[in-house]
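Student: Once you've had a glance at the structure underneath, I'll fire off some questions.
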Amino acid sequence: MGYDPNNIFAKILRGEMPCHKIYEDQETFAFLDIMPRAKGHTLVLPKKPAVNMFDVHPDSLCAVIRTVRLLTPIIKSAMGADGVVIQQYNEAAAGQTVFHLHFHIIPRYQGVPLKHHGTTPQQDEILAQNAAAIRAALEKAGL
């Protein structure tokens, strides 16, 4: 399967679809998942087209991992989480539903089960509140 430039993440990157952006640099983009598995569930993706781990350029992958590493402790703290899960899916059989490489940063809360992947949309005002809290923590950290 080749890269589809009309996938939803490509549209978000081009500004054609809205999102709750929390971070952007020259190579990566991070925003809240609209169907979060937990409060603060964030997606991090490369700006360069890549379907998944099988076709991503190593430099893009390194940039994404750096951003995941940068954002994870800040998201954990901002959301008051007890832990964090990092996930990444490759191909439909593995659960990939958007075919633009992305990593999930999912805050975990003791005793609170994760929602199922990609099934329950969150209210926009709650997403906006969570995004504002994460952006404030990023600003406090000088990012």
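Just remember, in the structure tokens the first chain shown is A, the second B, etc., residues are 1-based per chain, and ligands are 1-based in the order shown.
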Which of region 29-136 of chain A counts as alpha helix (DSSP H) under DSSP, as a count of residues only please?
Tutor: 34
Student: Could you list, with a cut-off of 10 Å and counting only C-alpha atoms, the residues of region 60-100 of chain A near region 17-27 of chain A, each shown with its nearest atom pair and the distance in Å rounded to one decimal, rows sorted by chain and ascending number, as a Markdown table?
Tutor:
| residue | atom | partner | partner_atom | distance |
| --- | --- | --- | --- | --- |
| A:Ser60 | CA | A:Glu27 | CA | 7.0 |
| A:Leu61 | CA | A:Glu27 | CA | 9.7 |
| A:Cys62 | CA | A:Glu27 | CA | 9.8 |
| A:Ala63 | CA | A:Glu27 | CA | 6.4 |
| A:Val64 | CA | A:Glu27 | CA | 7.7 |
| A:Thr67 | CA | A:Asp25 | CA | 8.8 |
| A:Leu71 | CA | A:Tyr23 | CA | 8.4 |
| A:Ile75 | CA | A:Ile22 | CA | 9.8 |
Student: Kindly save the residues from that selection, with N, CA and C atoms included, as a PDB file, in the first residue's frame.
Tutor:
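Written out: result-v1.pdb:
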ATOM      1  N   SER A  60      13.267  10.792   9.921  1.00  0.00           N
ATOM      2  CA  SER A  60      11.913  11.140  10.387  1.00  0.00           C
ATOM      3  C   SER A  60      11.552  10.346  11.630  1.00  0.00           C
ATOM      4  N   LEU A  61      11.914   9.075  11.632  1.00  0.00           N
ATOM      5  CA  LEU A  61      11.630   8.237  12.799  1.00  0.00           C
ATOM      6  C   LEU A  61      12.371   8.760  14.029  1.00  0.00           C
ATOM      7  N   CYS A  62      13.617   9.116  13.867  1.00  0.00           N
ATOM      8  CA  CYS A  62      14.381   9.665  14.990  1.00  0.00           C
ATOM      9  C   CYS A  62      13.748  10.955  15.512  1.00  0.00           C
ATOM     10  N   ALA A  63      13.291  11.805  14.611  1.00  0.00           N
ATOM     11  CA  ALA A  63      12.648  13.058  15.021  1.00  0.00           C
ATOM     12  C   ALA A  63      11.377  12.778  15.822  1.00  0.00           C
ATOM     13  N   VAL A  64      10.587  11.811  15.365  1.00  0.00           N
ATOM     14  CA  VAL A  64       9.351  11.477  16.075  1.00  0.00           C
ATOM     15  C   VAL A  64       9.661  10.930  17.466  1.00  0.00           C
ATOM     16  N   THR A  67      10.580  13.641  19.804  1.00  0.00           N
ATOM     17  CA  THR A  67       9.406  14.398  20.249  1.00  0.00           C
ATOM     18  C   THR A  67       8.593  13.596  21.250  1.00  0.00           C
ATOM     19  N   LEU A  71       7.834  15.052  24.952  1.00  0.00           N
ATOM     20  CA  LEU A  71       6.470  15.344  25.404  1.00  0.00           C
ATOM     21  C   LEU A  71       5.964  14.438  26.513  1.00  0.00           C
ATOM     22  N   ILE A  75       3.343  15.609  29.414  1.00  0.00           N
ATOM     23  CA  ILE A  75       1.941  15.186  29.332  1.00  0.00           C
ATOM     24  C   ILE A  75       1.560  14.433  30.598  1.00  0.00           C
TER      25      ILE A  75
END
Student: Quick one: residues within 6 Å of Val51 (chain A), only C-alpha atoms counted, chain neighbours fewer than 5 positions away excluded, as a ChimeraX atom specification?
Tutor: /A:3,99-101
Student: Might you pull out every residue within 10 Å of Leu13 (chain A), with only C-alpha atoms counted and same-chain residues fewer than 2 positions away left off, and present them as a PyMOL selection string?
Tutor: chain A and resi 8-11+15-19+28-30+45-48
Student: Output N, CA and C atoms for every residue in that selection, as a PDB file, in the first residue's frame.
Tutor:
ATOM      1  N   ILE A   8      -6.469  11.452   6.900  1.00  0.00           N
ATOM      2  CA  ILE A   8      -6.866  12.528   7.816  1.00  0.00           C
ATOM      3  C   ILE A   8      -5.675  13.233   8.449  1.00  0.00           C
ATOM      4  N   PHE A   9      -4.594  12.516   8.735  1.00  0.00           N
ATOM      5  CA  PHE A   9      -3.439  13.170   9.346  1.00  0.00           C
ATOM      6  C   PHE A   9      -2.730  14.078   8.346  1.00  0.00           C
ATOM      7  N   ALA A  10      -2.676  13.683   7.086  1.00  0.00           N
ATOM      8  CA  ALA A  10      -2.108  14.546   6.059  1.00  0.00           C
ATOM      9  C   ALA A  10      -2.934  15.827   5.944  1.00  0.00           C
ATOM     10  N   LYS A  11      -4.255  15.689   6.035  1.00  0.00           N
ATOM     11  CA  LYS A  11      -5.123  16.868   5.984  1.00  0.00           C
ATOM     12  C   LYS A  11      -4.911  17.765   7.203  1.00  0.00           C
ATOM     13  N   GLY A  15      -3.455  21.701   7.419  1.00  0.00           N
ATOM     14  CA  GLY A  15      -4.386  22.686   7.961  1.00  0.00           C
ATOM     15  C   GLY A  15      -5.782  22.590   7.377  1.00  0.00           C
ATOM     16  N   GLU A  16      -6.087  21.485   6.716  1.00  0.00           N
ATOM     17  CA  GLU A  16      -7.401  21.302   6.093  1.00  0.00           C
ATOM     18  C   GLU A  16      -8.426  20.710   7.055  1.00  0.00           C
ATOM     19  N   MET A  17      -7.960  20.154   8.153  1.00  0.00           N
ATOM     20  CA  MET A  17      -8.833  19.572   9.182  1.00  0.00           C
ATOM     21  C   MET A  17      -8.392  20.152  10.520  1.00  0.00           C
ATOM     22  N   PRO A  18      -9.348  20.414  11.422  1.00  0.00           N
ATOM     23  CA  PRO A  18      -8.977  20.963  12.731  1.00  0.00           C
ATOM     24  C   PRO A  18      -8.394  19.895  13.650  1.00  0.00           C
ATOM     25  N   CYS A  19      -7.649  20.355  14.637  1.00  0.00           N
ATOM     26  CA  CYS A  19      -7.133  19.468  15.667  1.00  0.00           C
ATOM     27  C   CYS A  19      -6.817  20.300  16.903  1.00  0.00           C
ATOM     28  N   THR A  28       8.115  17.423  13.257  1.00  0.00           N
ATOM     29  CA  THR A  28       7.044  16.646  13.889  1.00  0.00           C
ATOM     30  C   THR A  28       5.867  17.519  14.278  1.00  0.00           C
ATOM     31  N   PHE A  29       4.757  16.849  14.554  1.00  0.00           N
ATOM     32  CA  PHE A  29       3.505  17.515  14.912  1.00  0.00           C
ATOM     33  C   PHE A  29       2.807  16.634  15.941  1.00  0.00           C
ATOM     34  N   ALA A  30       2.257  17.231  16.999  1.00  0.00           N
ATOM     35  CA  ALA A  30       1.563  16.464  18.043  1.00  0.00           C
ATOM     36  C   ALA A  30       0.223  17.123  18.368  1.00  0.00           C
ATOM     37  N   LEU A  45       3.412  12.597  15.139  1.00  0.00           N
ATOM     38  CA  LEU A  45       3.679  12.078  13.814  1.00  0.00           C
ATOM     39  C   LEU A  45       4.737  12.899  13.101  1.00  0.00           C
ATOM     40  N   PRO A  46       5.397  12.275  12.142  1.00  0.00           N
ATOM     41  CA  PRO A  46       6.343  13.036  11.323  1.00  0.00           C
ATOM     42  C   PRO A  46       5.576  13.879  10.315  1.00  0.00           C
ATOM     43  N   LYS A  47       6.161  14.989   9.948  1.00  0.00           N
ATOM     44  CA  LYS A  47       5.544  15.809   8.914  1.00  0.00           C
ATOM     45  C   LYS A  47       5.740  15.205   7.526  1.00  0.00           C
ATOM     46  N   LYS A  48       6.825  14.475   7.350  1.00  0.00           N
ATOM     47  CA  LYS A  48       7.066  13.833   6.051  1.00  0.00           C
ATOM     48  C   LYS A  48       6.176  12.604   5.910  1.00  0.00           C
TER      49      LYS A  48
END
Student: Got a sec to tell me which of chain A DSSP assigns to strand (DSSP E), as a list of chain:residue names?
Tutor: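 Here are the strand (DSSP E) residues of chain A: A:Lys21, A:Ile22, A:Tyr23, A:Glu24, A:Thr28, A:Phe29, A:Ala30, A:Phe31, A:Leu32, A:Thr42, A:Leu43, A:Val44, A:Leu45, A:Pro46, A:Gly83, A:Val84, A:Val85, A:Ile86, A:Gln87, A:Phe103, A:His104, A:Ile105, A:Ile106, A:Pro107, A:Arg108.
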Student: Based on the selection just made, write N, CA and C atoms of those residues as a PDB file, in the first residue's frame.
Tutor:
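Output (again_37.pdb):
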ATOM      1  N   LYS A  21      -3.889  20.977  18.599  1.00  0.00           N
ATOM      2  CA  LYS A  21      -2.428  20.890  18.519  1.00  0.00           C
ATOM      3  C   LYS A  21      -1.830  21.212  19.879  1.00  0.00           C
ATOM      4  N   ILE A  22      -0.828  20.412  20.251  1.00  0.00           N
ATOM      5  CA  ILE A  22      -0.105  20.730  21.484  1.00  0.00           C
ATOM      6  C   ILE A  22       1.362  21.050  21.224  1.00  0.00           C
ATOM      7  N   TYR A  23       1.908  20.606  20.091  1.00  0.00           N
ATOM      8  CA  TYR A  23       3.324  20.831  19.842  1.00  0.00           C
ATOM      9  C   TYR A  23       3.600  20.696  18.346  1.00  0.00           C
ATOM     10  N   GLU A  24       4.573  21.507  17.898  1.00  0.00           N
ATOM     11  CA  GLU A  24       5.033  21.396  16.515  1.00  0.00           C
ATOM     12  C   GLU A  24       6.475  21.881  16.448  1.00  0.00           C
ATOM     13  N   THR A  28       8.115  17.423  13.257  1.00  0.00           N
ATOM     14  CA  THR A  28       7.044  16.646  13.889  1.00  0.00           C
ATOM     15  C   THR A  28       5.867  17.519  14.278  1.00  0.00           C
ATOM     16  N   PHE A  29       4.757  16.849  14.554  1.00  0.00           N
ATOM     17  CA  PHE A  29       3.505  17.515  14.912  1.00  0.00           C
ATOM     18  C   PHE A  29       2.807  16.634  15.941  1.00  0.00           C
ATOM     19  N   ALA A  30       2.257  17.231  16.999  1.00  0.00           N
ATOM     20  CA  ALA A  30       1.563  16.464  18.043  1.00  0.00           C
ATOM     21  C   ALA A  30       0.223  17.123  18.368  1.00  0.00           C
ATOM     22  N   PHE A  31      -0.790  16.285  18.512  1.00  0.00           N
ATOM     23  CA  PHE A  31      -2.135  16.775  18.804  1.00  0.00           C
ATOM     24  C   PHE A  31      -2.904  15.703  19.573  1.00  0.00           C
ATOM     25  N   LEU A  32      -4.013  16.109  20.188  1.00  0.00           N
ATOM     26  CA  LEU A  32      -4.811  15.166  20.957  1.00  0.00           C
ATOM     27  C   LEU A  32      -5.631  14.270  20.046  1.00  0.00           C
ATOM     28  N   THR A  42      -2.337  11.598  23.317  1.00  0.00           N
ATOM     29  CA  THR A  42      -1.708  12.452  22.315  1.00  0.00           C
ATOM     30  C   THR A  42      -1.118  11.620  21.189  1.00  0.00           C
ATOM     31  N   LEU A  43      -1.179  12.150  19.979  1.00  0.00           N
ATOM     32  CA  LEU A  43      -0.578  11.521  18.804  1.00  0.00           C
ATOM     33  C   LEU A  43       0.608  12.356  18.347  1.00  0.00           C
ATOM     34  N   VAL A  44       1.704  11.682  18.012  1.00  0.00           N
ATOM     35  CA  VAL A  44       2.899  12.356  17.508  1.00  0.00           C
ATOM     36  C   VAL A  44       3.229  11.740  16.158  1.00  0.00           C
ATOM     37  N   LEU A  45       3.412  12.597  15.139  1.00  0.00           N
ATOM     38  CA  LEU A  45       3.679  12.078  13.814  1.00  0.00           C
ATOM     39  C   LEU A  45       4.737  12.899  13.101  1.00  0.00           C
ATOM     40  N   PRO A  46       5.397  12.275  12.142  1.00  0.00           N
ATOM     41  CA  PRO A  46       6.343  13.036  11.323  1.00  0.00           C
ATOM     42  C   PRO A  46       5.576  13.879  10.315  1.00  0.00           C
ATOM     43  N   GLY A  83       1.171   6.835  35.123  1.00  0.00           N
ATOM     44  CA  GLY A  83       2.090   6.170  34.211  1.00  0.00           C
ATOM     45  C   GLY A  83       1.725   6.546  32.789  1.00  0.00           C
ATOM     46  N   VAL A  84       2.436   5.977  31.820  1.00  0.00           N
ATOM     47  CA  VAL A  84       2.199   6.292  30.415  1.00  0.00           C
ATOM     48  C   VAL A  84       2.449   5.048  29.570  1.00  0.00           C
ATOM     49  N   VAL A  85       1.594   4.851  28.574  1.00  0.00           N
ATOM     50  CA  VAL A  85       1.786   3.809  27.577  1.00  0.00           C
ATOM     51  C   VAL A  85       2.154   4.504  26.269  1.00  0.00           C
ATOM     52  N   ILE A  86       3.168   3.970  25.585  1.00  0.00           N
ATOM     53  CA  ILE A  86       3.518   4.437  24.248  1.00  0.00           C
ATOM     54  C   ILE A  86       3.156   3.296  23.296  1.00  0.00           C
ATOM     55  N   GLN A  87       2.322   3.598  22.281  1.00  0.00           N
ATOM     56  CA  GLN A  87       1.912   2.570  21.324  1.00  0.00           C
ATOM     57  C   GLN A  87       2.138   3.057  19.901  1.00  0.00           C
ATOM     58  N   PHE A 103       2.685   7.810  16.689  1.00  0.00           N
ATOM     59  CA  PHE A 103       2.864   7.195  17.997  1.00  0.00           C
ATOM     60  C   PHE A 103       1.801   7.750  18.930  1.00  0.00           C
ATOM     61  N   HIS A 104       1.294   6.875  19.794  1.00  0.00           N
ATOM     62  CA  HIS A 104       0.312   7.253  20.801  1.00  0.00           C
ATOM     63  C   HIS A 104       1.026   7.426  22.134  1.00  0.00           C
ATOM     64  N   ILE A 105       0.822   8.564  22.780  1.00  0.00           N
ATOM     65  CA  ILE A 105       1.240   8.769  24.163  1.00  0.00           C
ATOM     66  C   ILE A 105      -0.055   8.729  24.968  1.00  0.00           C
ATOM     67  N   ILE A 106      -0.202   7.683  25.779  1.00  0.00           N
ATOM     68  CA  ILE A 106      -1.473   7.476  26.500  1.00  0.00           C
ATOM     69  C   ILE A 106      -1.221   7.504  28.002  1.00  0.00           C
ATOM     70  N   PRO A 107      -1.624   8.595  28.671  1.00  0.00           N
ATOM     71  CA  PRO A 107      -1.500   8.637  30.124  1.00  0.00           C
ATOM     72  C   PRO A 107      -2.333   7.524  30.763  1.00  0.00           C
ATOM     73  N   ARG A 108      -1.801   6.955  31.833  1.00  0.00           N
ATOM     74  CA  ARG A 108      -2.507   5.887  32.548  1.00  0.00           C
ATOM     75  C   ARG A 108      -2.772   6.325  33.975  1.00  0.00           C
TER      76      ARG A 108
END
Student: Report, in Å to a single decimal, how far apart CA of Tyr109 (chain A) and CA of Ala93 (chain A) are.
Tutor: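 Computed distance, CA of Ala93 (chain A) to CA of Tyr109 (chain A), equals 27.8 Å.
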Student: Sort by chain and increasing residue number a table of all residues of region 1-108 of chain A within 6 Å of region 117-134 of chain A, each with its closest pair of atoms and their distance in Å to one decimal, counting only C-alpha atoms, and write it as JSON lines.
Tutor:
{"residue": "A:Ile34", "atom": "CA", "partner": "A:Pro121", "partner_atom": "CA", "distance": 5.6}
{"residue": "A:Met35", "atom": "CA", "partner": "A:Pro121", "partner_atom": "CA", "distance": 4.2}
{"residue": "A:Ile75", "atom": "CA", "partner": "A:Ile134", "partner_atom": "CA", "distance": 5.9}
{"residue": "A:Ala78", "atom": "CA", "partner": "A:Ile134", "partner_atom": "CA", "distance": 5.5}
Student: Could you write out the selected residues, including N, CA and C atoms, as a PDB file, in the first residue's frame?
Tutor:
ATOM      1  N   ILE A  34      -8.876  12.500  19.002  1.00  0.00           N
ATOM      2  CA  ILE A  34     -10.282  12.865  19.223  1.00  0.00           C
ATOM      3  C   ILE A  34     -11.099  11.701  19.775  1.00  0.00           C
ATOM      4  N   MET A  35     -10.526  10.507  19.740  1.00  0.00           N
ATOM      5  CA  MET A  35     -11.157   9.335  20.349  1.00  0.00           C
ATOM      6  C   MET A  35     -10.159   8.736  21.347  1.00  0.00           C
ATOM      7  N   ILE A  75       3.343  15.609  29.414  1.00  0.00           N
ATOM      8  CA  ILE A  75       1.941  15.186  29.332  1.00  0.00           C
ATOM      9  C   ILE A  75       1.560  14.433  30.598  1.00  0.00           C
ATOM     10  N   ALA A  78       1.181  17.060  33.352  1.00  0.00           N
ATOM     11  CA  ALA A  78       0.054  17.960  33.108  1.00  0.00           C
ATOM     12  C   ALA A  78      -1.292  17.280  33.325  1.00  0.00           C
TER      13      ALA A  78
END
